[in-house]
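Visitor: One structure follows; several queries about it will come next.
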Amino acid sequence: MKRRRFWSCATLALLVALTAGAPPAPAQSASTLVVGLVAEPVALDPAQVTDLNSTRVARRVVETLVRYADDSTEIVPYLAESWTISKDGLSYTFKLRRGVTFHDGTPFNAQAVKFSFERQFNAEHPANKLGKYPFATYFFGGVKAIDAIDDQTVRFVLKEPRASFLAILIVPAAAIVSPTAVLKLGQDFAVSPVGTGPFKFASWDRGQRVVLEKNPSYWRFPVKVDRVIFRPITEDQARLTELLTGSIDLIVGTPPDFVAQLENHPKVTLQKQVGAHVWYLGFNNTKKPFDDRRVRQALNYAVNKEAIVRDVLKGTGAVSKGPVLPGTWGDEGGLKAFPYDPERAKKLLAEAGLPSGFSTTLWVPESGSGMQSPVAMSTIIQSNLKAVGVNVTLQTMEWGTFLAKLRTKEQDMFALSWMAGSEDPDLVMYPLLHSSQWTPVGPNRALYKNPRFDEVLAQARLVTDQAKRAELYREAQRLLHDDPPWIFIDHEVQTAAFAKRVQGFKLHPSFDLRVETISLK
Amino acid sequence: MGRYLLRRLLLLVPVLLGVSVVVFLVLHLSPGDPAEIMLGSQASQADVARLRADLGLDEPLPLQYARWMAHVLQGDLGRSIRMRQPVLGEVLIRFRATLILTTTALFLSTVCGIALGVLSAARPRSLVDRLSTLGSIFGASMPSFWLGLVLMVCFSLWLGWLPASGMYGAHGTGGLADLLSHLALPAVTLAAASTTIIARLTRSTMLDILRQDFVRTARAKGLVERGVVLRHALRNALIPTVTVVGVQAGYLLGGAILTETVFAWPGVGTLMIQGILARDFPLVQGCVLVIALGFVLFNLAVDLLYAFLDPRIRYE
């Protein structure tokens with residue numbers, strides 16, 4: 001009998017121990033917005049993260065000097081009210097907004113701006129050792145000095161002109177953080193950020209949710225929801241079910257197979273928006289037979305991009321004609337995407353001395369940031385190429401392995417994407433295709449080199465006048481069309497599905513998730 | 001008993017050491033490195049090299065292992081590479097959720113499995129027996145992620161009875177009822193395969209035992225059938241069943257990974273998957289160590305349970 005009592009007591013104790021300390025859930029509130037994310041944020045210090053889920057949450061808490069306008073990627077003032085660029089394009093002087101404070105009460109000023117950047121690239125900075133800053137050299141390597149001229153004025157001096165510098169100041173790593181909080185929280189700042197944004201960080205139950213509370217004294221407008229809860233739900237069906245049963249108000253990243261179902265659903269609204277992204281099939285331009293321009297053109301004609309967008313992506317992609325997003329300021333509107341023309345492809349292959357085609361391999365990651373449905377898409381490409389005599393062996397690998405293998409330069413062909421989040425062609429074409437960026441130094445994994453293209457791109461970095469830059473980038477795109485470095489496939493059409501009570505939400509081409517504009521009915 | 005326990009606990013040390021070496025090697029020798037993944041496709045070689053050096057990944061493997069082990073022995077599992085948080089804290093928070101899920105699933109599968117097994121054995125070839133055989137084949141052959149999705153679509157999407165994911169509702173009370181409603185689907189999903197295994201084993205053991213002399217004696221004494229089956233036969237049939245339950249406990253701890261992913265259950269499994277994808281070495285090593293420790297302790301508990309069930313078994 002005693003023993004039995006012991007066991008029941010032990011069981012009871014275990015139950016109590018396990019269920020005790022459950023996080024107190026916020027009281028049900030009509031003004032709590034629940035957002036379903038594809039994965040959990042890694043950390044929330046924007047300077048320390050590289051993934052979309054983290055930055056989508058972090059950007060609600062922290063802000064940058066300039067930002068993209070509500071509907072486009074035109075650059076408009078944000079924490080900076082105005083700016084001037086010196087004639088030589090080397091110094092950018094910003095007038096900062098007055099009366100803005102961080103969530104912890106620290107005043108926003110030039111010192112805070114200087115601190116936010118220098119902590120990343122200055123090894124002597126007191127906050128440098130408090131985190132790992134992946135973009136310190138990639139984005140800010142060209143910054144020579146940051147001077148806090150007075151409380152409201154800050155000047156960036158560059159080592160050499162960089163026409164896309166304003167666009168760089170919008171990336172998450174360029175967010176302005178509270179210096180007091182960084183020094184006080186140390187390494188923990190990465191999981192409890194303090195900024196000037198519309199929402200304050202409130203709590204994070206690992207694996208379950210990140211809770212943000214509204215910033216009642218937000219400087220731009222009164223925020224209409226009291227609280228936003230971000231929940232990580234990796235399984236597509238679970239995310240969708242939670243939306244359809246009303247447990248979640250908004251989800252992003254609708255899987256293509258669910259798009260049709262949601263488009264006509266009475267309970268939800270589906271929104272689509274082309275994002276600043278490009279999905280491409282890179283050639284190793286230094287290897288035979290890809291060193292022949294005609295072969296690369298032929299393969300562009302051989303792939304049926306419309307079919308991929310229609311049948312695999314179910315409309316969550318827009319056919320691409322090059323790396324620059326159609327309809328943006330740098331786009332060469334006169335160019336058309338390579339049409340699907342297998343006959344022409346065969347003819348070009350024959351001209352290149354390959355009338356019976358050739359065999360090659362294609363490396364494909366199983367998944368990865370911005371990769372859409374890589375294996376299904378590659379399988380269609382494989383069968384398209386087979387039809388013109390090119391036998392492709394698919395080699396699928398896990399993302400980490402894939403990235404490491406691309407540094408070996410042994411690739412024939414590879415499937416990859418680029419999410420610049422910006423329409424500035426410099427942030428897409430230069431890293432991916434300028435010959436100074438050949439892997440392993442930079443991300444030009446196609447090992448593409450075209451001297452005229454290199455020259456045009458370098459020139460476009462030096463001019464600050466946007467119209468002149470646009471002219472140069474249009475020429476660059478014509479060069480790419482004639483001498484294609486990749487097979488151009490698509491630009492991702494992002495999707496969001498939300499409950500009818502969600503009002504005033506708009507997807508942004510930069511992939512940002514601006515939930516602060518939402519009000520709940 | 002005390003000495004036996006001590007010996008078993010001492011044996012934990014070489015087991016865990018072995019696990020740590022294997023995990024360390026498998027992780028570090030598989031392709032892809034954390035710096036590369038953390039920096040993403042935009043990074044330059046120089047950035048990657050700098051981060052590798054920062055993380056100490058450019059040192060020889062034995063040195064890295066020794067350094068890690070030295071910290072582990074002091075109770076410090078290191079800091080997660082991607083989350084920058086101490087691994088021990090992260091793993092313990094998540095392990096609690098996994099433990100809730102696996103103990104519930106283990107409880108469900110043990111109770112249901114034994115009950116089904118006894119019922120089938122008491123009336124072989126009856127309807128109950130045939131149905132349970134059929135159910136077992138289904139249960140054992142359905143992959144848990146598929147079963148999970150089917151249950152989710154039925155009970156969450158169509159019927160709207162149970163929540164589809166998470167451990168507590170975003171608008172919920174955070175109390176026991178909230179937890180139990182979220183626990184129902186993942187626990188049933190996780191328990192399905194184990195239930196069938198336990199049921200089959202209990203059935204066959206019971207059938208053997210019901211044919212033995214002491215059962216005939218008990219019946220001859222005029223005991224009611226229920227007493228014979230439950231008090232005499234079942235208690236003797238429990239020894240092999242408990243062994244299997246112990247093994248299942250280990251499988252459930254490991255198998256929870258899939259179920260946790262399907263239902264966004266915030267357990268150590270989902271944490272480990274994120275860790276593996278990011279090659280977050282300290283994090284994965286920490287997760288595996290904790291799971292291995294759980295597995296070994298479960299087995300020890302089962303061995304101790306033998307003595308409780310069968311007074312003839314004594315540990316010296």
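Lettering and numbering for the structure tokens are positional, with chains as A, B, ... in the shown order, residues counted from 1 in each chain, and ligands counted from 1 in the shown order.
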Excluding range 67-80 of chain B and any residue of its chain fewer than 5 positions from it, enumerate the residues within 6 Å of it, using only C-alpha atoms, and give them as a list of chain:residue names.
Guide: B:Gln85, B:Pro86, B:Val87, B:Leu88, B:Pro282, B:Leu283
Visitor: Which neighbours of Lys321 in chain A fall inside 12 Å, counting only C-alpha atoms, when residues of the same chain fewer than 5 positions from it are skipped, and could you give them as a count of residues only?
Guide: 31
Visitor: When the cut-off is 6 Å and we count only C-alpha atoms, which residues of chain A are near chain B, given as a VMD selection string?
Guide: chain A and resid 24 to 25 28 42 to 43 134 207 to 208 233 235 238 241 400 to 401 404 440 to 443
Visitor: Could those selected residues go to a file with all heavy atoms, as a compact mmCIF listing (two decimals), in the first residue's frame?
Guide:
# COMPACT_ATOMS: atom_id res chain seq x y z
N PRO A 24 2.33 32.91 -18.68
CA PRO A 24 0.99 33.48 -18.60
C PRO A 24 0.61 34.06 -19.95
O PRO A 24 1.34 34.87 -20.51
CB PRO A 24 1.13 34.58 -17.55
CG PRO A 24 2.59 34.91 -17.52
CD PRO A 24 3.33 33.70 -17.97
N ALA A 25 -0.49 33.58 -20.50
CA ALA A 25 -0.90 34.08 -21.81
C ALA A 25 -1.55 35.44 -21.64
O ALA A 25 -2.20 35.68 -20.64
CB ALA A 25 -1.88 33.11 -22.44
N GLN A 28 -7.24 37.61 -23.56
CA GLN A 28 -7.82 37.73 -24.89
C GLN A 28 -8.20 39.17 -25.15
O GLN A 28 -8.82 39.83 -24.33
CB GLN A 28 -9.06 36.85 -24.99
CG GLN A 28 -9.83 37.12 -26.28
CD GLN A 28 -10.32 35.84 -26.91
OE1 GLN A 28 -10.48 34.84 -26.26
NE2 GLN A 28 -10.51 35.89 -28.21
N VAL A 42 15.75 33.89 -35.27
CA VAL A 42 16.97 33.37 -34.63
C VAL A 42 17.36 34.29 -33.48
O VAL A 42 17.65 33.86 -32.38
CB VAL A 42 18.10 33.30 -35.67
CG1 VAL A 42 19.39 32.92 -35.01
CG2 VAL A 42 17.73 32.30 -36.75
N ALA A 43 17.37 35.57 -33.77
CA ALA A 43 17.66 36.59 -32.77
C ALA A 43 17.00 37.86 -33.27
O ALA A 43 16.50 37.90 -34.39
CB ALA A 43 19.17 36.78 -32.61
N PRO A 134 27.54 39.90 -39.02
CA PRO A 134 27.86 39.29 -40.31
C PRO A 134 28.01 40.27 -41.47
O PRO A 134 28.70 39.99 -42.43
CB PRO A 134 26.69 38.33 -40.55
CG PRO A 134 25.61 38.77 -39.63
CD PRO A 134 26.29 39.39 -38.47
N GLY A 207 10.51 28.96 -29.00
CA GLY A 207 9.79 27.91 -29.70
C GLY A 207 8.30 28.18 -29.77
O GLY A 207 7.57 27.46 -30.43
N GLN A 208 7.83 29.18 -29.04
CA GLN A 208 6.38 29.41 -29.00
C GLN A 208 5.96 30.73 -29.57
O GLN A 208 5.12 30.79 -30.44
CB GLN A 208 5.88 29.31 -27.56
CG GLN A 208 6.18 27.97 -26.93
CD GLN A 208 5.52 27.87 -25.57
OE1 GLN A 208 4.33 28.04 -25.42
NE2 GLN A 208 6.32 27.60 -24.56
N ILE A 233 5.41 28.48 -36.96
CA ILE A 233 4.74 27.22 -37.29
C ILE A 233 5.31 26.75 -38.63
O ILE A 233 4.97 27.28 -39.69
CB ILE A 233 3.22 27.39 -37.39
CG1 ILE A 233 2.68 28.03 -36.11
CG2 ILE A 233 2.54 26.05 -37.64
CD1 ILE A 233 1.20 28.32 -36.13
N GLU A 235 5.21 23.71 -40.21
CA GLU A 235 4.38 22.86 -41.06
C GLU A 235 3.29 23.69 -41.75
O GLU A 235 2.50 24.35 -41.10
CB GLU A 235 3.77 21.76 -40.18
CG GLU A 235 2.77 20.88 -40.86
CD GLU A 235 3.33 20.16 -42.07
OE1 GLU A 235 4.48 19.70 -42.02
OE2 GLU A 235 2.61 20.09 -43.08
N ALA A 238 -0.38 23.12 -40.75
CA ALA A 238 -0.70 23.61 -39.41
C ALA A 238 -0.91 25.13 -39.44
O ALA A 238 -1.85 25.66 -38.84
CB ALA A 238 0.41 23.25 -38.43
N THR A 241 -4.23 25.78 -41.12
CA THR A 241 -5.36 25.40 -40.26
C THR A 241 -5.58 26.45 -39.18
O THR A 241 -6.71 26.85 -38.90
CB THR A 241 -5.07 24.02 -39.62
OG1 THR A 241 -4.86 23.07 -40.66
CG2 THR A 241 -6.25 23.58 -38.77
N GLY A 400 23.30 23.90 -46.31
CA GLY A 400 24.64 24.19 -45.80
C GLY A 400 25.72 23.53 -46.66
O GLY A 400 26.74 24.14 -46.99
N THR A 401 25.47 22.29 -47.04
CA THR A 401 26.40 21.55 -47.88
C THR A 401 26.52 22.24 -49.24
O THR A 401 27.61 22.39 -49.80
CB THR A 401 25.87 20.12 -48.09
OG1 THR A 401 25.46 19.61 -46.84
CG2 THR A 401 26.91 19.24 -48.71
N ALA A 404 28.63 25.38 -49.21
CA ALA A 404 30.05 25.05 -49.08
C ALA A 404 30.59 24.52 -50.40
O ALA A 404 31.69 24.89 -50.84
CB ALA A 404 30.25 24.04 -47.97
N PRO A 440 35.64 32.41 -54.38
CA PRO A 440 35.11 32.54 -53.02
C PRO A 440 35.19 33.94 -52.42
O PRO A 440 34.80 34.10 -51.27
CB PRO A 440 36.01 31.59 -52.23
CG PRO A 440 37.31 31.62 -52.93
CD PRO A 440 37.01 31.85 -54.37
N VAL A 441 35.66 34.94 -53.18
CA VAL A 441 35.74 36.28 -52.60
C VAL A 441 34.33 36.85 -52.40
O VAL A 441 33.99 37.38 -51.36
CB VAL A 441 36.56 37.21 -53.52
CG1 VAL A 441 36.52 38.63 -53.01
CG2 VAL A 441 37.99 36.71 -53.61
N GLY A 442 33.50 36.73 -53.41
CA GLY A 442 32.15 37.29 -53.35
C GLY A 442 31.14 36.27 -53.85
O GLY A 442 31.47 35.10 -54.03
N PRO A 443 29.89 36.69 -54.05
CA PRO A 443 28.85 35.73 -54.43
C PRO A 443 28.67 35.50 -55.93
O PRO A 443 27.65 34.96 -56.33
CB PRO A 443 27.59 36.32 -53.80
CG PRO A 443 27.89 37.74 -53.50
CD PRO A 443 29.34 38.00 -53.69
Visitor: Name all residues at most 7 Å from Thr495 in chain A (count only C-alpha atoms; drop same-chain ones fewer than 2 positions away) and give them as a VMD selection string.
Guide: chain A and resid 252 to 254 270 to 273 493 497
Visitor: Could you make a table, as a tab-separated table, of the residues of range 180-218 of chain B that have an atom within 12 Å of an atom of range 126-141 of chain B, each with its nearest atom pair and distance in Å to one decimal, counting only C-alpha atoms, in chain and number order?
Guide:
residue	atom	partner	partner_atom	distance
B:Val188	CA	B:Gly139	CA	11.0
B:Thr189	CA	B:Gly139	CA	9.6
B:Leu190	CA	B:Gly139	CA	10.5
B:Ala191	CA	B:Gly139	CA	9.3
B:Ala192	CA	B:Gly139	CA	5.6
B:Ala193	CA	B:Ala140	CA	4.9
B:Ser194	CA	B:Ala140	CA	7.9
B:Thr195	CA	B:Gly139	CA	7.9
B:Thr196	CA	B:Ser136	CA	4.6
B:Ile197	CA	B:Ala140	CA	7.4
B:Ile198	CA	B:Ser136	CA	9.6
B:Ala199	CA	B:Ser136	CA	7.8
B:Arg200	CA	B:Ser136	CA	7.5
B:Leu201	CA	B:Ser136	CA	11.0
B:Arg203	CA	B:Asp129	CA	9.2
B:Ser204	CA	B:Asp129	CA	11.6
Visitor: As a list in words, please: the residues near Arg219 in chain B (cut-off 7 Å, only C-alpha atoms, same-chain neighbours under 4 positions excluded).
Guide: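 In the requested format, the answer is Val215, Leu223 and Val228 of chain B.
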Visitor: For the selection just defined, write its residues with C-alpha atoms to a file, as a CSV table (one decimal), in the first residue's frame.
Guide:
chain,number,residue,atom,x,y,z
B,215,VAL,CA,-3.5,-20.2,-14.3
B,223,LEU,CA,-11.6,-17.8,-9.2
B,228,VAL,CA,-7.4,-14.8,-13.1
Visitor: If you run DSSP on the backbone, which residues of range 284-477 of chain A are strand (DSSP E or B), as a PDB file with N, CA, C and O atoms, in the first residue's frame?
Guide:
ATOM      1  N   GLY A 317       5.154  33.297 -58.692  1.00  0.00           N
ATOM      2  CA  GLY A 317       6.397  33.738 -59.312  1.00  0.00           C
ATOM      3  C   GLY A 317       6.058  34.541 -60.553  1.00  0.00           C
ATOM      4  O   GLY A 317       4.978  34.378 -61.126  1.00  0.00           O
ATOM      5  N   ALA A 318       6.954  35.445 -60.952  1.00  0.00           N
ATOM      6  CA  ALA A 318       6.771  36.207 -62.180  1.00  0.00           C
ATOM      7  C   ALA A 318       7.983  35.922 -63.053  1.00  0.00           C
ATOM      8  O   ALA A 318       9.118  36.009 -62.573  1.00  0.00           O
ATOM      9  N   VAL A 319       7.743  35.572 -64.332  1.00  0.00           N
ATOM     10  CA  VAL A 319       8.835  35.196 -65.232  1.00  0.00           C
ATOM     11  C   VAL A 319       9.887  36.296 -65.281  1.00  0.00           C
ATOM     12  O   VAL A 319       9.568  37.482 -65.338  1.00  0.00           O
ATOM     13  N   PHE A 358      24.758  17.588 -74.948  1.00  0.00           N
ATOM     14  CA  PHE A 358      25.855  17.191 -74.069  1.00  0.00           C
ATOM     15  C   PHE A 358      25.270  16.771 -72.723  1.00  0.00           C
ATOM     16  O   PHE A 358      24.057  16.853 -72.512  1.00  0.00           O
ATOM     17  N   SER A 359      26.133  16.280 -71.846  1.00  0.00           N
ATOM     18  CA  SER A 359      25.673  15.873 -70.512  1.00  0.00           C
ATOM     19  C   SER A 359      26.312  16.773 -69.456  1.00  0.00           C
ATOM     20  O   SER A 359      27.464  17.187 -69.605  1.00  0.00           O
ATOM     21  N   THR A 360      25.555  17.051 -68.406  1.00  0.00           N
ATOM     22  CA  THR A 360      26.074  17.946 -67.382  1.00  0.00           C
ATOM     23  C   THR A 360      25.360  17.668 -66.052  1.00  0.00           C
ATOM     24  O   THR A 360      24.443  16.853 -66.010  1.00  0.00           O
ATOM     25  N   THR A 361      25.800  18.326 -64.995  1.00  0.00           N
ATOM     26  CA  THR A 361      25.127  18.139 -63.696  1.00  0.00           C
ATOM     27  C   THR A 361      24.576  19.469 -63.197  1.00  0.00           C
ATOM     28  O   THR A 361      25.103  20.534 -63.505  1.00  0.00           O
ATOM     29  N   LEU A 362      23.512  19.367 -62.429  1.00  0.00           N
ATOM     30  CA  LEU A 362      22.877  20.547 -61.846  1.00  0.00           C
ATOM     31  C   LEU A 362      22.789  20.342 -60.337  1.00  0.00           C
ATOM     32  O   LEU A 362      22.207  19.374 -59.869  1.00  0.00           O
ATOM     33  N   TRP A 363      23.405  21.272 -59.574  1.00  0.00           N
ATOM     34  CA  TRP A 363      23.344  21.195 -58.109  1.00  0.00           C
ATOM     35  C   TRP A 363      22.123  21.966 -57.628  1.00  0.00           C
ATOM     36  O   TRP A 363      21.928  23.128 -57.991  1.00  0.00           O
ATOM     37  N   VAL A 364      21.349  21.319 -56.779  1.00  0.00           N
ATOM     38  CA  VAL A 364      20.118  21.944 -56.294  1.00  0.00           C
ATOM     39  C   VAL A 364      20.035  21.801 -54.775  1.00  0.00           C
ATOM     40  O   VAL A 364      20.188  20.705 -54.257  1.00  0.00           O
ATOM     41  N   PRO A 365      19.804  22.910 -54.059  1.00  0.00           N
ATOM     42  CA  PRO A 365      19.583  22.775 -52.616  1.00  0.00           C
ATOM     43  C   PRO A 365      18.166  22.266 -52.365  1.00  0.00           C
ATOM     44  O   PRO A 365      17.247  22.592 -53.122  1.00  0.00           O
ATOM     45  N   VAL A 390      20.144  17.978 -73.983  1.00  0.00           N
ATOM     46  CA  VAL A 390      21.088  18.178 -72.879  1.00  0.00           C
ATOM     47  C   VAL A 390      20.672  17.281 -71.715  1.00  0.00           C
ATOM     48  O   VAL A 390      19.587  17.453 -71.146  1.00  0.00           O
ATOM     49  N   ASN A 391      21.523  16.302 -71.391  1.00  0.00           N
ATOM     50  CA  ASN A 391      21.200  15.373 -70.305  1.00  0.00           C
ATOM     51  C   ASN A 391      21.727  15.909 -68.989  1.00  0.00           C
ATOM     52  O   ASN A 391      22.927  16.026 -68.788  1.00  0.00           O
ATOM     53  N   VAL A 392      20.793  16.234 -68.101  1.00  0.00           N
ATOM     54  CA  VAL A 392      21.175  16.846 -66.836  1.00  0.00           C
ATOM     55  C   VAL A 392      20.999  15.840 -65.701  1.00  0.00           C
ATOM     56  O   VAL A 392      19.946  15.229 -65.574  1.00  0.00           O
ATOM     57  N   THR A 393      22.044  15.669 -64.898  1.00  0.00           N
ATOM     58  CA  THR A 393      21.912  14.865 -63.677  1.00  0.00           C
ATOM     59  C   THR A 393      21.670  15.826 -62.529  1.00  0.00           C
ATOM     60  O   THR A 393      22.466  16.740 -62.301  1.00  0.00           O
ATOM     61  N   LEU A 394      20.550  15.641 -61.826  1.00  0.00           N
ATOM     62  CA  LEU A 394      20.263  16.500 -60.681  1.00  0.00           C
ATOM     63  C   LEU A 394      21.006  15.984 -59.463  1.00  0.00           C
ATOM     64  O   LEU A 394      20.983  14.791 -59.181  1.00  0.00           O
ATOM     65  N   GLN A 395      21.672  16.874 -58.744  1.00  0.00           N
ATOM     66  CA  GLN A 395      22.272  16.490 -57.460  1.00  0.00           C
ATOM     67  C   GLN A 395      21.678  17.396 -56.398  1.00  0.00           C
ATOM     68  O   GLN A 395      21.997  18.574 -56.348  1.00  0.00           O
ATOM     69  N   THR A 396      20.779  16.836 -55.594  1.00  0.00           N
ATOM     70  CA  THR A 396      20.178  17.669 -54.556  1.00  0.00           C
ATOM     71  C   THR A 396      21.009  17.552 -53.288  1.00  0.00           C
ATOM     72  O   THR A 396      21.540  16.505 -52.979  1.00  0.00           O
ATOM     73  N   MET A 397      21.137  18.659 -52.595  1.00  0.00           N
ATOM     74  CA  MET A 397      21.862  18.631 -51.323  1.00  0.00           C
ATOM     75  C   MET A 397      21.251  19.602 -50.335  1.00  0.00           C
ATOM     76  O   MET A 397      20.485  20.487 -50.696  1.00  0.00           O
ATOM     77  N   MET A 413      26.232  23.502 -63.331  1.00  0.00           N
ATOM     78  CA  MET A 413      25.085  24.381 -63.218  1.00  0.00           C
ATOM     79  C   MET A 413      24.584  24.294 -61.781  1.00  0.00           C
ATOM     80  O   MET A 413      24.755  23.279 -61.113  1.00  0.00           O
ATOM     81  N   PHE A 414      23.933  25.355 -61.297  1.00  0.00           N
ATOM     82  CA  PHE A 414      23.410  25.345 -59.927  1.00  0.00           C
ATOM     83  C   PHE A 414      22.178  26.229 -59.851  1.00  0.00           C
ATOM     84  O   PHE A 414      22.060  27.212 -60.588  1.00  0.00           O
ATOM     85  N   ALA A 415      21.263  25.857 -58.984  1.00  0.00           N
ATOM     86  CA  ALA A 415      20.042  26.641 -58.786  1.00  0.00           C
ATOM     87  C   ALA A 415      20.227  27.514 -57.558  1.00  0.00           C
ATOM     88  O   ALA A 415      20.579  27.022 -56.488  1.00  0.00           O
ATOM     89  N   LEU A 416      19.994  28.814 -57.705  1.00  0.00           N
ATOM     90  CA  LEU A 416      20.188  29.699 -56.554  1.00  0.00           C
ATOM     91  C   LEU A 416      19.275  30.913 -56.689  1.00  0.00           C
ATOM     92  O   LEU A 416      18.739  31.183 -57.770  1.00  0.00           O
ATOM     93  N   SER A 417      19.083  31.612 -55.590  1.00  0.00           N
ATOM     94  CA  SER A 417      18.256  32.820 -55.653  1.00  0.00           C
ATOM     95  C   SER A 417      18.930  33.926 -54.859  1.00  0.00           C
ATOM     96  O   SER A 417      19.859  33.676 -54.103  1.00  0.00           O
ATOM     97  N   TRP A 418      18.452  35.118 -55.022  1.00  0.00           N
ATOM     98  CA  TRP A 418      19.033  36.295 -54.368  1.00  0.00           C
ATOM     99  C   TRP A 418      17.899  37.182 -53.927  1.00  0.00           C
ATOM    100  O   TRP A 418      17.039  37.544 -54.721  1.00  0.00           O
ATOM    101  N   MET A 419      17.863  37.477 -52.636  1.00  0.00           N
ATOM    102  CA  MET A 419      16.808  38.304 -52.099  1.00  0.00           C
ATOM    103  C   MET A 419      17.436  39.603 -51.662  1.00  0.00           C
ATOM    104  O   MET A 419      17.928  39.725 -50.551  1.00  0.00           O
ATOM    105  N   TRP A 438      33.945  37.184 -57.937  1.00  0.00           N
ATOM    106  CA  TRP A 438      34.003  35.732 -58.134  1.00  0.00           C
ATOM    107  C   TRP A 438      34.124  35.001 -56.809  1.00  0.00           C
ATOM    108  O   TRP A 438      34.899  35.393 -55.942  1.00  0.00           O
ATOM    109  N   ASN A 444      29.622  35.891 -56.780  1.00  0.00           N
ATOM    110  CA  ASN A 444      29.512  35.612 -58.219  1.00  0.00           C
ATOM    111  C   ASN A 444      29.898  34.149 -58.456  1.00  0.00           C
ATOM    112  O   ASN A 444      31.011  33.821 -58.837  1.00  0.00           O
TER     113      ASN A 444
END
Visitor: With DSSP run on the backbone, what are the alpha helix (DSSP H) residues within range 63-289 of chain B? I'd like them as a ChimeraX atom specification.
Guide: /B:63-73,87-122,127-141,144-152,176-210,213-220,225-227,235-262,268-277,281-289
Visitor: Quick one, how far is CA of Ala173 in chain A from CA of Lys409 in chain A?
Guide: 29.3 Å
Visitor: Can you pull out every residue within 12 Å of Ile313 in chain B, counting only C-alpha atoms, but drop anything in the same chain fewer than 6 positions away, and send it as number ranges by chain?
Guide: B: 1, 239, 303-307
Visitor: Which residues are close to Phe107 in chain B, i.e. within 10 Å by only C-alpha atoms, leaving aside same-chain residues fewer than 6 positions away? Reply as JSON, numbers by chain.
Guide: {"B": [101, 113, 187, 191, 195, 245, 249]}
Visitor: Filtering to C-alpha atoms, could you give me those residues as a short mmCIF file (atom, residue, chain, number, x, y, z; two decimals), in the first residue's frame?
Guide:
data_model
loop_
_atom_site.label_atom_id
_atom_site.label_comp_id
_atom_site.auth_asym_id
_atom_site.auth_seq_id
_atom_site.Cartn_x
_atom_site.Cartn_y
_atom_site.Cartn_z
CA LEU B 101 4.71 15.29 -24.71
CA GLY B 113 -1.57 -0.98 -25.39
CA ALA B 187 0.33 12.99 -27.90
CA ALA B 191 1.60 7.31 -29.04
CA THR B 195 0.55 1.49 -28.60
CA VAL B 245 7.83 0.21 -22.60
CA ALA B 249 10.32 5.60 -23.96
#
Visitor: What's the 9 Å shell around Val157 in chain A, counting only C-alpha atoms, without same-chain residues fewer than 6 positions away, as a ChimeraX atom specification?
Guide: /A:90-93,142-147
Visitor: Measure the distance from CA of Thr84 in chain A to CA of Ser217 in chain A in Å and round it to one decimal.
Guide: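 Those two atoms sit 28.9 Å apart.
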Visitor: Mind pulling up the distance from CA of Ala136 in chain A to CA of Pro172 in chain A?
Guide: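 Rounded to one decimal, the two atoms are 11.7 Å apart.
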